[in-house]
Amino acid sequence: MEKWDAYDSNFKKIDGKILIRGEEKDIPDGVYHLVCEILVKHTDGSYLLMKRDYRKHYGGMWEATAGGSALIGETPLQCAIRELKEETGIETSALTKVGTEFNDKTHSVYVEFLCVTNWEKTNIQMQDGETIDYKWVNREDLIAMSKNELVTERMQKYIDELK
């Protein structure tokens with residue numbers, strides 16, 4: 001059972017409130033769980049895309065981020081470091097926060113990070129049950145991807161802002 005901290009609309013932890021993965025439909029309005037997403041940019045200017053496992057929601061679609069829900073007690077940075085390593089194999093703590101966005105529909109607060117790395121591009125590791133493929137694309141190709149190919153458009157906004 002995966003447990004999450006609960007946050008209010010001011011991004012403050014709600015003392016004594018614990019959320020459980022799989023019970024998102026029971027999260028009351030105004031309460032959120034923390035999700036961290038990491039956009040990976042290589043020092044050559046290309047971006048890492050991960051293809052979601054077909055067994056997952058949006059299976060087979062490309063994702064411009066590694067990421068996932070923070071476990072109870074994790075800070076956004078701790079969550080981002082863990083998720084980046086789990087989903088790509090990239091190990092670093094050099095992440096830059098680029099945004100925070102609340103989503104009332106999913107009861108999530110997304111904290112977005114950028115990882116600029118010179119990680120060996122052929123040394124990406126996929127996480128069983130999460131990802132099945134990866135590729136590196138240039139900025140223009142990433143921004144031009146359609147809704148039918150890319151899971152989230154949220155990161156495209158940050159790419160544009162990171163010129």
# chains A, B, ... in the order shown; residues from 1 in each chain; ligands from 1
call {"tool": "residues_around", "arguments": {"residues": "segment 50-63 of chain A", "least_positions_apart": "2", "cutoff": "7 Å", "atoms": "only C-alpha atoms", "output": "PyMOL selection string"}}
result
chain A and resi 48+65+129-135+149-152
call {"tool": "residues_around", "arguments": {"residues": "segment 33-46 of chain A", "least_positions_apart": "3", "cutoff": "6 Å", "atoms": "only C-alpha atoms", "output": "VMD selection string"}}
result
chain A and resid 6 65 to 70 80 108 to 118 136 to 138
call {"tool": "atom_distance", "arguments": {"atom1": "atom CA of Leu49 of chain A", "atom2": "atom CA of Ile124 of chain A"}}
result
10.6 Å
call {"tool": "select_by_dssp", "arguments": {"residues": "segment 57-102 of chain A", "states": "strand (DSSP E)", "output": "MDAnalysis selection string"}}
result
chainID A and resid 62:63 66:69 95:102
call {"tool": "write_last_selection", "arguments": {"atoms": "C-alpha atoms", "output": "compact mmCIF listing (two decimals), in the first residue's frame"}}
result
# COMPACT_ATOMS: atom_id res chain seq x y z
CA TRP A 62 5.38 9.02 -25.16
CA GLU A 63 6.02 10.99 -22.01
CA ALA A 66 10.05 10.80 -15.66
CA GLY A 67 8.08 11.07 -12.48
CA GLY A 68 5.40 9.93 -10.14
CA SER A 69 3.77 10.40 -6.77
CA LEU A 95 17.55 19.40 -10.60
CA THR A 96 16.01 22.81 -11.10
CA LYS A 97 12.40 23.44 -10.11
CA VAL A 98 10.60 25.05 -13.06
CA GLY A 99 6.98 25.11 -11.98
CA THR A 100 4.13 24.06 -9.73
CA GLU A 101 0.62 23.40 -10.98
CA PHE A 102 -2.53 22.25 -9.18
call {"tool": "closest_residue", "arguments": {"among": "A:Gly30, A:Asp141, A:Asp128, A:Lys147", "to": "Thr88 of chain A", "atoms": "only C-alpha atoms"}}
result
A:Asp128
